[in-house]
Every structure is written in structure tokens, then in C-alpha cells.
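J.: Coordinates in model-v3.cif, mmCIF, C-alpha atoms (C1' of nucleotides), are listed below.
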```
data_target
#
loop_
_atom_site.label_atom_id
_atom_site.label_comp_id
_atom_site.auth_asym_id
_atom_site.auth_seq_id
_atom_site.Cartn_x
_atom_site.Cartn_y
_atom_site.Cartn_z
CA MET L 13 -44.87 36.65 -32.89
CA SER L 14 -42.20 35.54 -30.46
CA GLU L 15 -39.17 36.66 -32.36
CA ALA L 16 -38.82 39.92 -30.49
CA ALA L 17 -39.07 38.09 -27.18
CA ASP L 18 -36.32 35.71 -28.27
CA LEU L 19 -33.98 38.61 -28.76
CA LEU L 20 -34.57 39.75 -25.23
CA ALA L 21 -33.76 36.29 -23.88
CA GLU L 22 -30.24 36.45 -25.28
CA ALA L 23 -28.26 36.05 -22.05
CA PRO L 24 -29.21 32.71 -20.50
CA ALA L 25 -28.83 32.86 -16.73
CA TYR L 26 -26.12 30.61 -15.34
CA ARG L 27 -26.94 29.62 -11.80
CA LEU L 28 -24.39 27.32 -10.26
CA ASP L 29 -26.87 25.80 -7.82
CA GLU L 30 -29.02 24.52 -10.67
CA GLN L 31 -26.32 22.67 -12.58
CA VAL L 32 -26.35 18.86 -12.39
CA GLY L 33 -22.63 18.67 -11.85
CA PHE L 34 -22.85 20.86 -8.81
CA ILE L 35 -25.80 19.05 -7.25
CA LEU L 36 -24.20 15.72 -8.04
CA ARG L 37 -21.12 16.71 -6.09
CA GLN L 38 -23.22 17.74 -3.12
CA VAL L 39 -25.05 14.42 -3.11
CA GLN L 40 -21.74 12.60 -3.36
CA GLN L 41 -20.50 14.58 -0.37
CA ARG L 42 -23.46 13.57 1.71
CA HIS L 43 -23.01 9.94 0.70
CA ALA L 44 -19.31 10.08 1.58
CA GLY L 45 -20.23 11.44 5.00
CA ILE L 46 -22.70 8.64 5.62
CA PHE L 47 -20.16 6.07 4.52
CA ALA L 48 -17.46 7.53 6.74
CA ALA L 49 -19.82 7.59 9.72
CA ALA L 50 -20.53 3.89 9.20
CA PHE L 51 -17.02 2.66 8.42
CA GLY L 52 -14.94 5.19 10.32
CA ASP L 53 -11.22 4.71 9.85
CA ASP L 54 -11.60 1.12 8.72
CA LEU L 55 -12.00 1.71 5.02
CA THR L 56 -12.85 4.34 2.43
CA ALA L 57 -15.69 3.90 -0.05
CA MET L 58 -13.19 3.20 -2.84
CA GLN L 59 -11.40 0.56 -0.84
CA TRP L 60 -14.73 -1.06 -0.04
CA ALA L 61 -15.69 -1.02 -3.72
CA VAL L 62 -12.55 -2.91 -4.71
CA LEU L 63 -12.96 -5.32 -1.81
CA ALA L 64 -16.58 -5.98 -2.72
CA LYS L 65 -15.71 -6.56 -6.35
CA LEU L 66 -12.99 -9.00 -5.40
CA ALA L 67 -15.46 -10.81 -3.16
CA GLU L 68 -17.96 -10.98 -6.02
CA ARG L 69 -15.60 -12.06 -8.74
CA GLY L 70 -12.64 -13.74 -7.11
CA GLU L 71 -9.11 -12.73 -8.10
CA GLY L 72 -8.18 -10.66 -11.10
CA SER L 73 -5.48 -8.45 -12.57
CA GLN L 74 -5.21 -4.85 -11.45
CA ASN L 75 -6.25 -3.71 -14.87
CA LEU L 76 -9.42 -5.81 -14.97
CA LEU L 77 -10.21 -4.76 -11.43
CA GLY L 78 -9.90 -1.12 -12.41
CA ARG L 79 -12.37 -1.57 -15.26
CA LEU L 80 -14.85 -3.37 -13.01
CA VAL L 81 -14.90 -0.58 -10.45
CA SER L 82 -14.58 2.27 -12.98
CA MET L 83 -11.27 3.31 -11.60
CA ASP L 84 -8.18 4.55 -13.35
CA VAL L 85 -5.32 2.03 -13.52
CA ALA L 86 -3.04 4.43 -11.70
CA THR L 87 -5.69 5.03 -9.04
CA VAL L 88 -6.50 1.37 -8.50
CA LYS L 89 -2.87 0.71 -7.69
CA GLY L 90 -2.99 3.06 -4.71
CA VAL L 91 -6.23 1.55 -3.46
CA VAL L 92 -4.91 -2.01 -3.79
CA ASP L 93 -1.67 -0.98 -2.03
CA ARG L 94 -3.69 0.27 0.94
CA LEU L 95 -5.81 -2.88 1.07
CA VAL L 96 -2.61 -4.95 1.06
CA LYS L 97 -1.14 -2.80 3.82
CA ARG L 98 -4.28 -3.42 5.90
CA GLY L 99 -3.91 -7.16 5.30
CA LEU L 100 -7.23 -7.46 3.47
CA ALA L 101 -5.81 -8.29 0.04
CA GLU L 102 -2.65 -9.79 -1.41
CA THR L 103 -0.97 -9.72 -4.79
CA GLY L 104 0.80 -12.43 -6.72
CA ALA L 105 2.33 -13.14 -10.11
CA ASP L 106 0.30 -14.46 -13.02
CA PRO L 107 2.14 -17.54 -14.34
CA ASP L 108 0.62 -17.03 -17.80
CA ASP L 109 1.53 -13.37 -18.19
CA ARG L 110 4.51 -11.90 -16.45
CA ARG L 111 3.28 -8.35 -16.88
CA ARG L 112 0.25 -9.02 -14.75
CA VAL L 113 -0.22 -8.63 -11.01
CA VAL L 114 -3.05 -10.78 -9.69
CA VAL L 115 -5.00 -9.38 -6.74
CA ARG L 116 -7.08 -11.50 -4.36
CA LEU L 117 -8.62 -11.19 -0.91
CA THR L 118 -6.92 -12.70 2.11
CA GLY L 119 -8.89 -14.67 4.70
CA ALA L 120 -9.15 -11.47 6.71
CA GLY L 121 -10.46 -9.71 3.60
CA ARG L 122 -13.20 -12.27 3.01
CA GLU L 123 -14.07 -12.15 6.69
CA PHE L 124 -14.26 -8.34 6.61
CA TYR L 125 -16.56 -8.50 3.60
CA ARG L 126 -18.95 -10.95 5.24
CA ALA L 127 -18.97 -8.92 8.45
CA ASN L 128 -19.69 -5.61 6.71
CA ALA L 129 -21.85 -6.25 3.63
CA ALA L 130 -25.02 -5.58 5.60
CA LYS L 131 -23.57 -2.32 6.91
CA ALA L 132 -22.71 -1.26 3.37
CA LEU L 133 -26.31 -1.89 2.34
CA ARG L 134 -27.46 0.33 5.18
CA VAL L 135 -25.22 3.11 3.86
CA THR L 136 -27.05 2.94 0.54
CA ASP L 137 -30.34 2.86 2.37
CA GLU L 138 -29.53 5.87 4.52
CA THR L 139 -28.37 7.81 1.49
CA LEU L 140 -31.72 7.23 -0.20
CA GLU L 141 -33.68 7.68 3.01
CA PRO L 142 -35.43 10.92 1.92
CA LEU L 143 -37.02 9.10 -1.02
CA SER L 144 -39.89 6.64 -1.21
CA GLU L 145 -39.36 3.19 -2.63
CA ARG L 146 -40.81 4.26 -5.94
CA GLU L 147 -38.69 7.38 -6.14
CA ARG L 148 -35.55 5.37 -5.41
CA GLY L 149 -36.23 3.17 -8.38
CA GLN L 150 -36.89 6.22 -10.53
CA LEU L 151 -33.65 7.89 -9.46
CA LEU L 152 -31.51 4.81 -10.06
CA GLY L 153 -33.10 4.31 -13.45
CA LEU L 154 -32.36 7.88 -14.49
CA LEU L 155 -28.82 7.87 -13.11
CA ARG L 156 -27.97 4.62 -14.84
CA ARG L 157 -28.75 6.23 -18.16
CA LEU L 158 -26.24 9.00 -17.46
CA ARG L 159 -23.35 6.65 -16.91
CA MET C 29 -47.22 -18.63 3.69
CA SER C 30 -44.05 -16.70 2.92
CA GLU C 31 -42.26 -17.16 6.23
CA ALA C 32 -40.21 -20.10 5.05
CA ALA C 33 -39.14 -18.16 1.98
CA ASP C 34 -38.09 -15.24 4.18
CA LEU C 35 -35.68 -17.46 6.05
CA LEU C 36 -34.03 -18.48 2.83
CA ALA C 37 -33.54 -14.85 1.90
CA GLU C 38 -31.39 -14.21 4.97
CA ALA C 39 -28.22 -13.09 3.21
CA PRO C 40 -29.10 -9.94 1.27
CA ALA C 41 -27.08 -9.80 -1.90
CA TYR C 42 -24.62 -6.92 -2.10
CA ARG C 43 -24.05 -5.95 -5.67
CA LEU C 44 -21.68 -3.06 -6.08
CA ASP C 45 -23.16 -2.02 -9.42
CA GLU C 46 -26.55 -1.40 -7.85
CA GLN C 47 -25.41 0.90 -5.04
CA VAL C 48 -26.23 4.60 -5.42
CA GLY C 49 -22.78 5.65 -4.31
CA PHE C 50 -21.17 3.64 -7.05
CA ILE C 51 -23.49 4.81 -9.81
CA LEU C 52 -23.19 8.38 -8.58
CA ARG C 53 -19.43 8.22 -8.96
CA GLN C 54 -19.75 6.89 -12.50
CA VAL C 55 -22.10 9.70 -13.48
CA GLN C 56 -19.72 12.21 -11.92
CA GLN C 57 -16.91 10.72 -13.97
CA ARG C 58 -18.83 11.13 -17.18
CA HIS C 59 -19.69 14.71 -16.25
CA ALA C 60 -16.05 15.45 -15.44
CA GLY C 61 -15.07 14.11 -18.85
CA ILE C 62 -17.60 16.30 -20.63
CA PHE C 63 -16.43 19.33 -18.66
CA ALA C 64 -12.77 18.63 -19.42
CA ALA C 65 -13.55 18.19 -23.11
CA ALA C 66 -15.23 21.61 -23.16
CA PHE C 67 -12.78 23.56 -21.01
CA GLY C 68 -9.58 21.66 -21.69
CA ASP C 69 -6.63 22.95 -19.71
CA ASP C 70 -8.27 26.30 -19.04
CA LEU C 71 -10.08 25.47 -15.84
CA THR C 72 -11.33 22.57 -13.73
CA ALA C 73 -14.98 22.23 -12.74
CA MET C 74 -14.16 23.33 -9.20
CA GLN C 75 -12.33 26.41 -10.37
CA TRP C 76 -15.26 27.26 -12.60
CA ALA C 77 -17.68 26.80 -9.70
CA VAL C 78 -15.78 29.30 -7.55
CA LEU C 79 -15.44 31.71 -10.46
CA ALA C 80 -19.15 31.49 -11.24
CA LYS C 81 -20.08 32.05 -7.62
CA LEU C 82 -17.85 35.10 -7.44
CA ALA C 83 -19.46 36.41 -10.62
CA GLU C 84 -22.92 35.85 -9.13
CA ARG C 85 -22.27 37.30 -5.72
CA GLY C 86 -19.36 39.68 -5.98
CA GLU C 87 -16.48 39.45 -3.53
CA GLY C 88 -16.47 37.51 -0.30
CA SER C 89 -14.25 35.90 2.30
CA GLN C 90 -12.70 32.53 1.58
CA ASN C 91 -14.82 30.99 4.28
CA LEU C 92 -18.11 32.29 2.91
CA LEU C 93 -17.06 31.30 -0.58
CA GLY C 94 -16.37 27.77 0.62
CA ARG C 95 -19.83 27.50 2.10
CA LEU C 96 -21.45 28.82 -1.07
CA VAL C 97 -19.77 26.21 -3.26
CA SER C 98 -19.94 23.39 -0.69
CA MET C 99 -16.21 23.18 -0.47
CA ASP C 100 -13.99 22.59 2.49
CA VAL C 101 -12.12 25.67 3.76
CA ALA C 102 -8.80 23.93 3.20
CA THR C 103 -9.84 22.92 -0.31
CA VAL C 104 -11.14 26.32 -1.31
CA LYS C 105 -7.77 27.84 -0.53
CA GLY C 106 -6.06 25.70 -3.14
CA VAL C 107 -8.71 26.48 -5.74
CA VAL C 108 -8.50 30.22 -5.07
CA ASP C 109 -4.70 30.07 -5.20
CA ARG C 110 -4.89 28.53 -8.66
CA LEU C 111 -7.41 31.12 -9.86
CA VAL C 112 -5.09 33.85 -8.59
CA LYS C 113 -2.13 32.24 -10.33
CA ARG C 114 -4.12 32.24 -13.59
CA GLY C 115 -4.91 35.93 -13.08
CA LEU C 116 -8.66 35.37 -12.88
CA ALA C 117 -9.09 36.32 -9.22
CA GLU C 118 -7.28 38.40 -6.64
CA THR C 119 -7.25 38.54 -2.86
CA GLY C 120 -7.15 41.50 -0.51
CA ALA C 121 -7.38 42.36 3.14
CA ASP C 122 -10.68 43.05 4.84
CA PRO C 123 -10.29 46.39 6.63
CA ASP C 124 -12.97 45.43 9.17
CA ASP C 125 -11.55 42.02 10.08
CA ARG C 126 -7.87 41.32 9.85
CA ARG C 127 -8.37 37.57 9.90
CA ARG C 128 -10.29 37.65 6.65
CA VAL C 129 -9.02 37.34 3.11
CA VAL C 130 -11.40 38.87 0.60
CA VAL C 131 -11.54 37.21 -2.82
CA ARG C 132 -12.81 38.92 -5.97
CA LEU C 133 -12.60 38.46 -9.72
CA THR C 134 -10.17 40.45 -11.79
CA GLY C 135 -11.21 42.05 -15.06
CA ALA C 136 -9.85 39.00 -16.83
CA GLY C 137 -11.93 36.82 -14.50
CA ARG C 138 -15.15 38.67 -15.29
CA GLU C 139 -14.29 38.53 -18.96
CA PHE C 140 -13.64 34.79 -18.76
CA TYR C 141 -16.97 34.26 -17.05
CA ARG C 142 -18.91 36.19 -19.69
CA ALA C 143 -17.10 34.39 -22.47
CA ASN C 144 -17.73 30.90 -21.05
CA ALA C 145 -21.08 30.88 -19.24
CA ALA C 146 -22.85 29.61 -22.35
CA LYS C 147 -20.29 26.84 -22.73
CA ALA C 148 -20.81 25.82 -19.11
CA LEU C 149 -24.54 25.57 -19.77
CA ARG C 150 -23.83 23.30 -22.71
CA VAL C 151 -21.81 21.02 -20.41
CA THR C 152 -24.88 20.61 -18.22
CA ASP C 153 -26.97 20.03 -21.29
CA GLU C 154 -24.67 17.40 -22.72
CA THR C 155 -24.52 15.62 -19.39
CA LEU C 156 -28.30 15.35 -19.34
CA GLU C 157 -28.53 14.63 -23.04
CA PRO C 158 -29.80 11.03 -22.66
CA LEU C 159 -32.87 12.29 -20.78
CA SER C 160 -36.02 14.03 -21.98
CA GLU C 161 -36.94 17.43 -20.65
CA ARG C 162 -39.40 15.90 -18.23
CA GLU C 163 -36.91 13.34 -16.99
CA ARG C 164 -34.31 16.03 -16.39
CA GLY C 165 -36.67 17.86 -14.12
CA GLN C 166 -37.49 14.63 -12.30
CA LEU C 167 -33.83 13.79 -11.78
CA LEU C 168 -32.92 17.24 -10.48
CA GLY C 169 -35.87 17.19 -8.12
CA LEU C 170 -34.87 13.83 -6.70
CA LEU C 171 -31.18 14.70 -6.43
CA ARG C 172 -31.91 17.97 -4.66
CA ARG C 173 -33.67 16.05 -1.91
CA LEU C 174 -30.55 13.97 -1.33
CA ARG C 175 -28.31 16.94 -0.70
"C1'" DC Q 28 10.47 -16.24 -37.07
"C1'" DG Q 29 10.86 -11.29 -36.23
"C1'" DG Q 30 9.57 -6.81 -35.41
"C1'" DA Q 31 5.83 -3.45 -34.78
"C1'" DA Q 32 1.71 -2.67 -32.08
"C1'" DA Q 33 -0.90 -3.30 -28.08
"C1'" DT Q 34 -1.26 -4.37 -23.11
"C1'" DT Q 35 0.13 -4.14 -18.23
"C1'" DG Q 36 1.97 -2.00 -14.50
"C1'" DT Q 37 4.88 1.82 -12.26
"C1'" DT Q 38 6.19 6.52 -11.36
"C1'" DA Q 39 5.80 11.55 -11.31
"C1'" DG Q 40 3.00 15.50 -11.41
"C1'" DT Q 41 -1.36 18.18 -10.73
"C1'" DA Q 42 -5.81 18.87 -8.58
"C1'" DC Q 43 -9.44 18.00 -5.49
"C1'" DA Q 44 -11.32 16.73 -0.57
"C1'" DC Q 45 -11.28 16.20 4.21
"C1'" DT Q 46 -9.14 16.00 9.11
"C1'" DA Q 47 -6.39 17.79 12.65
"C1'" DA Q 48 -3.50 21.05 14.72
"C1'" DC Q 49 -2.06 25.71 15.01
"C1'" DG Q 50 -1.78 30.92 15.39
"C1'" DA Q 51 -4.07 35.21 14.90
"C1'" DT Q 52 -7.95 37.84 15.66
"C1'" DC Q 53 -12.60 39.02 17.00
"C1'" DG Q 54 -16.61 39.33 20.00
"C1'" DC Q 55 -19.02 38.67 23.94
"C1'" DC Q 56 -19.76 38.51 28.83
"C1'" DG Q 57 -18.69 39.04 33.42
"C1'" DC F 25 -11.50 46.15 30.83
"C1'" DG F 26 -10.04 41.44 30.47
"C1'" DG F 27 -10.19 37.00 29.31
"C1'" DC F 28 -12.21 33.15 26.94
"C1'" DG F 29 -14.65 30.93 23.42
"C1'" DA F 30 -15.64 31.21 18.52
"C1'" DT F 31 -14.13 32.30 13.85
"C1'" DC F 32 -10.75 32.65 10.01
"C1'" DG F 33 -7.02 31.20 7.57
"C1'" DT F 34 -2.77 28.18 6.92
"C1'" DT F 35 -0.21 23.97 6.95
"C1'" DA F 36 0.61 19.01 7.06
"C1'" DG F 37 -0.97 14.49 6.14
"C1'" DT F 38 -3.88 10.93 3.80
"C1'" DG F 39 -6.65 9.33 0.01
"C1'" DT F 40 -8.82 9.63 -4.37
"C1'" DA F 41 -8.52 10.74 -9.63
"C1'" DC F 42 -6.46 11.54 -13.99
"C1'" DT F 43 -2.52 12.40 -17.48
"C1'" DA F 44 1.82 11.50 -19.39
"C1'" DA F 45 5.95 9.06 -19.89
"C1'" DC F 46 8.27 4.77 -19.39
"C1'" DA F 47 9.77 -0.25 -19.16
"C1'" DA F 48 8.60 -4.96 -19.59
"C1'" DT F 49 5.86 -8.20 -21.95
"C1'" DT F 50 2.85 -10.26 -25.01
"C1'" DT F 51 0.41 -10.59 -29.33
"C1'" DC F 52 -0.32 -10.23 -33.92
"C1'" DC F 53 0.91 -10.01 -38.63
"C1'" DG F 54 3.73 -10.17 -42.45
#
```
Mind converting the file's structure to C-alpha cells?

T.:
Amino acid sequence: MSEAADLLAEAPAYRLDEQVGFILRQVQQRHAGIFAAAFGDDLTAMQWAVLAKLAERGEGSQNLLGRLVSMDVATVKGVVDRLVKRGLAETGADPDDRRRVVVRLTGAGREFYRANAAKALRVTDETLEPLSERERGQLLGLLRRLR
Amino acid sequence: MSEAADLLAEAPAYRLDEQVGFILRQVQQRHAGIFAAAFGDDLTAMQWAVLAKLAERGEGSQNLLGRLVSMDVATVKGVVDRLVKRGLAETGADPDDRRRVVVRLTGAGREFYRANAAKALRVTDETLEPLSERERGQLLGLLRRLR
DNA sequence: CGGAAATTGTTAGTACACTAACGATCGCCG
DNA sequence: CGGCGATCGTTAGTGTACTAACAATTTCCG
């Protein structure tokens, strides 16, 4: 009974504003804005991610670090370079593997982390501000499954 | 009864992997991968977004176009330049306002849109593949409120 | 042991993404 | 009408992001 109707529905409407990819980018943009407002010229979100991971896990090779923060090896290099230039991280040789470059936080890096972890949490909070506690959990649960 | 416990909880744990911003970036990465697998070297997601918007709305100034796709004015220029170089769009002067650059699709651009809209829909579909129909609606609803 | 395969990091090239500074033009208001 | 603020586009500079090609090692396997 619905076969004729199916024929009429042949051209599925493509509306950019309804595509996940598009909305995702807009949400990312808003988050980036909130982060920038909180951290100003101190650090970008990527640099903070690497710093936080180093604080969590101690030192590690660039490669491992890249995997932990879901960043390309070529990209992580640039981020680490900038952290080193800001004096928050330092690199050294791995005695066991001469290919490796070990990255670790400096004292200033650990200090920066301690001083700003609460602020970083507020960035997350402000990003999710339009949602109730229950909705936040829902959203995170759904997003995690799309990773 | 819980006041003593509250004092112990003073340092809120910051776990990178639980922050929306971080998860959001991972989901974006997966989506970008799916898009690239579908469109290969033909077009990036951004270029497709501009193309689709032009197909939806007809011609418009670079500035307007930027607003419609949530893209910086400086960024949109580069994207439009690349579409022009690929022969999918063209620019012209606005007779009413000599500051403006009007952007519109070429015949090849319209043709490309028609030929690929269904594929673009499949990219969205594959991105959301791990979720049920109901969950997809939930996710989009939540994300939209974070724009 | 020795050589092929895999891993690690670097560099170059392309494509977003945003800020700031600039010049050209438009529109409004006195 | 005349000027001044707002808008539009371009350019330069910084920071992700990914691919491809490459060199230096290390590892594994015959």
C-alpha cells in the first residue's frame, strides 16, 4: 500500500543544519570560545590536554603521548614544542631507545597544572551549562559510543 | 554527617578523558575519517558544507555564507578559493555594493551536489551508526542546545 | 648473527580556524 | 552635502590536524 508513496520520496532532503558533523563543529566552536575566555593567551585547549595528560601519567614518549590524547604524531610535536617554548615541559633522551624523545613537565608545568585544574573543570561545566545533571550524563554516554 | 567527608574531597579530580571538550574532539575525528573515506580527495567536509549551503540558498556574499556555515570570514575565503579552483563555484561582483563578492555554484558544482547529496547523508548515518533511532534524536537534541 | 620489518621522530605540504590590522566602500546623521 | 562609524573583503601570523616521505633505530625471525 505504501509502494507508490516510496517512489515519491526518492530525493531525500539534505539539510546541512541537521547533520551531526555540522552541529558537532558548532558545539566545538562554542567550547573553544569558552576555553579561550578562561585561559586567554596562556594556553590552547590542545596544549592543556597534553599538559594534563603528562600530569596524570608522568613522562612518556611523544608517540605514546599522542595516542593518549588522540593526537597525530606530527601534530603532537608542534604542541610539545610550544609547551617547551613556554617552559612548561622539557624533553630528554630515552637511554633505552635512542629513537625516542621523552617528554615531561617542568616544575613550572606542574605548578601551572595545579593552579589551573579547577579552572579547566569550570570550562567543562560552562560548556554543559544549558543541560541538567541528568542530561549531561546522557550526552556523555551517547558521545562516548561515537568515539 | 557528611561534612568531614566533604573536606576530604577538596581536590576535584581532573580526568582529561571525561571532559566534554576532549570527547567532542574524538567524535569529530571519527566523523572526519568517515567523511574522508567517502569523499576521498574530492572535497573536505568544510568545502562540502559551503557547497551544500550554496545549493540550498542560491548565491550570496562571502560574509553571509560564512555566517550560514558558522565559519570565520577569513576561513570562508580559503574554502571558497578552493571551490573556485576546483571549478565548483565562481565569484562575481555585486552591482549594488562594490565591497561585496558574490559566490555561486557553477553547473559542475550543482551537478556535484546532486550526485553526492545521498553519499553525504550516508556519512551522517555511518557516524551515528552505533546509536538507535531514538538515541540519535536524543543526541541531536542535546547537542543543539549546546550550540 | 644478519637482514627485513616495524617503530619513532622529523620535515614538507595542504587545509581549516581565529585574531588583528588594513583599505575600500556604504549608509546614516547632522 | 559631508564626514564618520559600520560593513566587507584581504592579508599576515599563529595554532591545530593529517598525509606522505624520510632517516635512524630497534626488533624479530630465519

J.: Any chance you could resolve the PyMOL selection byres ((chain F and resi 25) around 12) against this file and give the residues as a count of residues only?

T.: 4

J.: Considering all atoms listed in the file, state which residue in the set L:Thr136, L:Leu155, L:Ala105, L:Arg122 is at the smallest distance from Arg69 of chain L.

T.: L:Arg122

J.: Got a sec to pull out which chain F residues are within 8 Å of chain L, counting all atoms listed in the file, and send them as a PyMOL selection string?

T.: chain F and resi 40-42+48-50

J.: Give as a PDB file with C-alpha atoms (C1' of nucleotides), in the coordinates of the input the residues that the PyMOL selection byres ((chain L and resi 45-50) around 12) matches when applied to the coordinates above.

T.:
```pdb
ATOM      1  CA  GLN L  38     -23.220  17.740  -3.120  1.00  0.00           C
ATOM      2  CA  VAL L  39     -25.050  14.420  -3.110  1.00  0.00           C
ATOM      3  CA  GLN L  40     -21.740  12.600  -3.360  1.00  0.00           C
ATOM      4  CA  GLN L  41     -20.500  14.580  -0.370  1.00  0.00           C
ATOM      5  CA  ARG L  42     -23.460  13.570   1.710  1.00  0.00           C
ATOM      6  CA  HIS L  43     -23.010   9.940   0.700  1.00  0.00           C
ATOM      7  CA  ALA L  44     -19.310  10.080   1.580  1.00  0.00           C
ATOM      8  CA  PHE L  51     -17.020   2.660   8.420  1.00  0.00           C
ATOM      9  CA  GLY L  52     -14.940   5.190  10.320  1.00  0.00           C
ATOM     10  CA  ASP L  53     -11.220   4.710   9.850  1.00  0.00           C
ATOM     11  CA  ASP L  54     -11.600   1.120   8.720  1.00  0.00           C
ATOM     12  CA  LEU L  55     -12.000   1.710   5.020  1.00  0.00           C
ATOM     13  CA  THR L  56     -12.850   4.340   2.430  1.00  0.00           C
ATOM     14  CA  ALA L  57     -15.690   3.900  -0.050  1.00  0.00           C
ATOM     15  CA  MET L  58     -13.190   3.200  -2.840  1.00  0.00           C
ATOM     16  CA  GLN L  59     -11.400   0.560  -0.840  1.00  0.00           C
ATOM     17  CA  TRP L  60     -14.730  -1.060  -0.040  1.00  0.00           C
ATOM     18  CA  ALA L  61     -15.690  -1.020  -3.720  1.00  0.00           C
ATOM     19  CA  ASN L 128     -19.690  -5.610   6.710  1.00  0.00           C
ATOM     20  CA  ALA L 129     -21.850  -6.250   3.630  1.00  0.00           C
ATOM     21  CA  ALA L 130     -25.020  -5.580   5.600  1.00  0.00           C
ATOM     22  CA  LYS L 131     -23.570  -2.320   6.910  1.00  0.00           C
ATOM     23  CA  ALA L 132     -22.710  -1.260   3.370  1.00  0.00           C
ATOM     24  CA  LEU L 133     -26.310  -1.890   2.340  1.00  0.00           C
ATOM     25  CA  ARG L 134     -27.460   0.330   5.180  1.00  0.00           C
ATOM     26  CA  VAL L 135     -25.220   3.110   3.860  1.00  0.00           C
ATOM     27  CA  THR L 136     -27.050   2.940   0.540  1.00  0.00           C
ATOM     28  CA  ASP L 137     -30.340   2.860   2.370  1.00  0.00           C
ATOM     29  CA  GLU L 138     -29.530   5.870   4.520  1.00  0.00           C
ATOM     30  CA  THR L 139     -28.370   7.810   1.490  1.00  0.00           C
ATOM     31  CA  LEU L 140     -31.720   7.230  -0.200  1.00  0.00           C
ATOM     32  CA  GLU L 141     -33.680   7.680   3.010  1.00  0.00           C
TER      33      GLU L 141
ATOM     34  CA  VAL C  48     -26.230   4.600  -5.420  1.00  0.00           C
ATOM     35  CA  GLY C  49     -22.780   5.650  -4.310  1.00  0.00           C
ATOM     36  CA  PHE C  50     -21.170   3.640  -7.050  1.00  0.00           C
ATOM     37  CA  LEU C 174     -30.550  13.970  -1.330  1.00  0.00           C
ATOM     38  CA  ARG C 175     -28.310  16.940  -0.700  1.00  0.00           C
TER      39      ARG C 175
ATOM     40  C1'  DA Q  44     -11.320  16.730  -0.570  1.00  0.00           C
ATOM     41  C1'  DC Q  45     -11.280  16.200   4.210  1.00  0.00           C
TER      42       DC Q  45
END
```

J.: Could you write out as an NGL selection string the residues of chain Q within 9 Å of chain C, counting all atoms listed in the file?

T.: :Q and (42-45 or 51-53)

J.: For the file shown, what are the residues hit by the PyMOL selection byres ((chain Q and resi 38) around 9), laid out as a tab-separated table (two decimals) with C-alpha atoms (C1' of nucleotides), in the frame of the given file?

T.:
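Heads up, here's the output in out-v1.tsv:
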```
chain	number	residue	atom	x	y	z
Q	37	DT	C1'	4.88	1.82	-12.26
Q	39	DA	C1'	5.80	11.55	-11.31
F	45	DA	C1'	5.95	9.06	-19.89
F	46	DC	C1'	8.27	4.77	-19.39
```

J.: By how many Å are atom CA of Tyr26 of chain L and atom CA of Arg132 of chain C apart?

T.: 18.3 Å
